[in-house]
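First comes the structure, then the notes that go with it.
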Amino acid sequence: MYDWENKDIWTNKRKWADHSNSKSLILTFDDGPSSVLIPILDILKRHEAKAMFFWQSRLLHKQRPWKRVVEEGHIIGGHSLRHRDLTRLSLEKQHHDIKSNKEHIENLTGQKMKYFRPPYGQFNEDTLSVLDKLDLIPFLWEVAGLDWEHKQDPEHIIHHVINYVEEGSVILLHELKQTVLILDELLTELKAEGYTFGLPPK
Ligand SMILES: [Zn+2]
């Protein structure tokens, strides 16, 4: 869950909203790379939308099309080694987990990994100090599509996002089948409301 007490530090909106275009949103996809990455990339391309992907390194098989993600202008961030709640790990174990996630992604892409999203949005003081040490910027979200809960009724994902989205929102989605089913319609609706899709500095 989002740590509201730390909202001032963690809210991405204030830091990253593109103020030249106040209706700019940031789309983020967690828990990949998965088997539905390609259809997600296809839909984003069709809408000329850029997004951030937060990847678990245990899922990062070489055959996943990471190259296409980079070439099409998206950002790959870290989402830990194996998605454990970091607040249950010692400082040393958090360091090992996040560092290995960063190295894995950087070794594969040859690019610096700049952003990290802690699993479940859970973090503590140790997480912050590790991120600082590894020169990583924490990146949470403001609007959850709750796509992991709506496998049976993916239309609800659209409603969650449309109901809560506001200027500059960072939107949390996942690399899931049900998300693919509604992504085209979701982007179409957001664009109809005047929103565009931007990215933080690379
Ligand atoms: Zn996750």
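By convention in this document, the chains of the structure tokens carry letters A, B, ... by their order, each chain's residues are numbered from 1, and ligands are numbered from 1 in the order they are shown.
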
Can you write out as CSV which residues of chain A fall within 7 Å of ligand 1, alongside each residue's closest atom pair and its distance in Å to one decimal, counting only C-alpha atoms and all ligand atoms and ordering rows by chain and ascending residue number?
residue,atom,partner,partner_atom_place_in_ligand_line,distance
A:Asp30,CA,ligand 1,1 (Zn),5.3
A:Asp31,CA,ligand 1,1 (Zn),4.7
A:His79,CA,ligand 1,1 (Zn),6.6
A:His83,CA,ligand 1,1 (Zn),6.3
A:Pro119,CA,ligand 1,1 (Zn),4.7
A:Tyr120,CA,ligand 1,1 (Zn),5.7

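Proximity to Gly32 in chain A at 7 Å, evaluated using only C-alpha atoms and with sequence-adjacent residues fewer than 2 positions away removed, yields Asp30, Ser34, Phe54, Trp55, Gln56, Leu59 and Glu175 of chain A.
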
Could you please write out, as a CSV table (one decimal) with C-alpha atoms, in the first residue's frame, every residue of range 50-196 of chain A that DSSP assigns to alpha helix (DSSP H)?
chain,number,residue,atom,x,y,z
A,66,TRP,CA,13.6,-5.7,-24.1
A,67,LYS,CA,15.3,-4.2,-27.1
A,68,ARG,CA,12.0,-3.1,-28.6
A,69,VAL,CA,11.0,-1.5,-25.3
A,70,VAL,CA,14.1,0.6,-25.4
A,71,GLU,CA,14.0,1.4,-29.1
A,91,LEU,CA,19.3,-3.6,5.1
A,92,GLU,CA,21.9,-6.0,3.7
A,93,LYS,CA,19.3,-8.2,2.0
A,94,GLN,CA,17.5,-5.2,0.5
A,95,HIS,CA,20.8,-3.9,-0.8
A,96,HIS,CA,21.5,-7.3,-2.4
A,97,ASP,CA,18.1,-7.5,-3.9
A,98,ILE,CA,17.9,-4.0,-5.4
A,99,LYS,CA,21.5,-4.0,-6.5
A,100,SER,CA,21.2,-7.3,-8.3
A,101,ASN,CA,17.9,-6.1,-10.0
A,102,LYS,CA,19.7,-3.0,-11.2
A,103,GLU,CA,22.8,-4.8,-12.5
A,104,HIS,CA,20.7,-7.4,-14.2
A,105,ILE,CA,18.7,-4.8,-16.1
A,106,GLU,CA,21.7,-2.6,-16.9
A,107,ASN,CA,23.8,-5.6,-18.1
A,108,LEU,CA,21.0,-6.6,-20.5
A,109,THR,CA,20.1,-3.2,-21.9
A,125,GLU,CA,14.2,3.9,5.9
A,126,ASP,CA,16.6,1.1,4.8
A,127,THR,CA,15.0,1.1,1.3
A,128,LEU,CA,15.5,4.8,1.0
A,129,SER,CA,19.1,4.6,2.0
A,130,VAL,CA,19.8,1.7,-0.4
A,131,LEU,CA,18.1,3.6,-3.3
A,132,ASP,CA,20.1,6.6,-2.5
A,133,LYS,CA,23.4,4.6,-2.4
A,155,GLU,CA,-14.0,-3.3,-17.8
A,156,HIS,CA,-13.7,-2.3,-14.2
A,157,ILE,CA,-10.0,-1.4,-14.8
A,158,ILE,CA,-11.1,1.3,-17.1
A,159,HIS,CA,-13.6,2.7,-14.6
A,160,HIS,CA,-11.0,2.8,-11.8
A,161,VAL,CA,-8.6,4.7,-13.9
A,162,ILE,CA,-11.1,7.1,-15.4
A,163,ASN,CA,-12.8,7.8,-12.0
A,164,TYR,CA,-9.5,8.7,-10.2
A,177,LYS,CA,-3.9,-10.5,-20.0
A,178,GLN,CA,-6.9,-8.6,-18.7
A,179,THR,CA,-5.0,-5.4,-19.0
A,180,VAL,CA,-4.2,-6.1,-22.6
A,181,LEU,CA,-8.0,-6.6,-23.2
A,182,ILE,CA,-8.9,-3.1,-22.1
A,183,LEU,CA,-5.7,-1.1,-22.8
A,184,ASP,CA,-6.8,0.1,-26.3
A,185,GLU,CA,-10.2,1.3,-24.9
A,186,LEU,CA,-8.6,2.9,-21.9
A,187,LEU,CA,-6.1,4.9,-23.9
A,188,THR,CA,-8.8,5.9,-26.3
A,189,GLU,CA,-11.0,7.2,-23.4
A,190,LEU,CA,-8.1,9.0,-21.8
A,191,LYS,CA,-7.2,10.7,-25.0
A,192,ALA,CA,-10.8,11.7,-25.6

In range 27-102 of chain A, DSSP strand (DSSP E) residues written as number ranges by chain | A: 27-32, 51-55, 75-78

Which one is closest to Phe29 in chain A: A:Leu199, A:Val143, A:Met52, A:Leu60? Count only C-alpha atoms.
->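 Under the stated criterion, the closest residue is A:Met52.
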
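The residue that comes closest to Val36 in chain A, out of A:His74, A:His150, A:Arg64, A:Lys50 and on the basis of only C-alpha atoms, is A:Arg64.
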
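With only C-alpha atoms as the basis for measurement, A:Leu173 is the residue among A:Leu173, A:Leu81, A:Leu140, A:Ile26 that approaches Ile40 in chain A most closely.
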
Do you have the CA of Gly121 in chain A-CA of Leu172 in chain A distance handy?
-> 10.8 Å

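Candidate residues A:Ile76, A:Ile43, A:Leu37, A:Leu176 were compared for distance to Gly110 in chain A, and the nearest is A:Ile76, using only C-alpha atoms.
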
Enter the distance from CA of Leu25 in chain A to CA of Gly73 in chain A, in Å, rounded to one decimal.
->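 Straight-line distance from CA of Leu25 in chain A to CA of Gly73 in chain A works out to 15.7 Å.
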
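Taking CA of Gly77 in chain A and CA of Gln152 in chain A as endpoints, the distance between them is 28.7 Å.
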
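Nearest to Ser57 in chain A of all the residues A:Asp85, A:Ser24, A:Pro33, A:Gly194 is A:Pro33, based on only C-alpha atoms.
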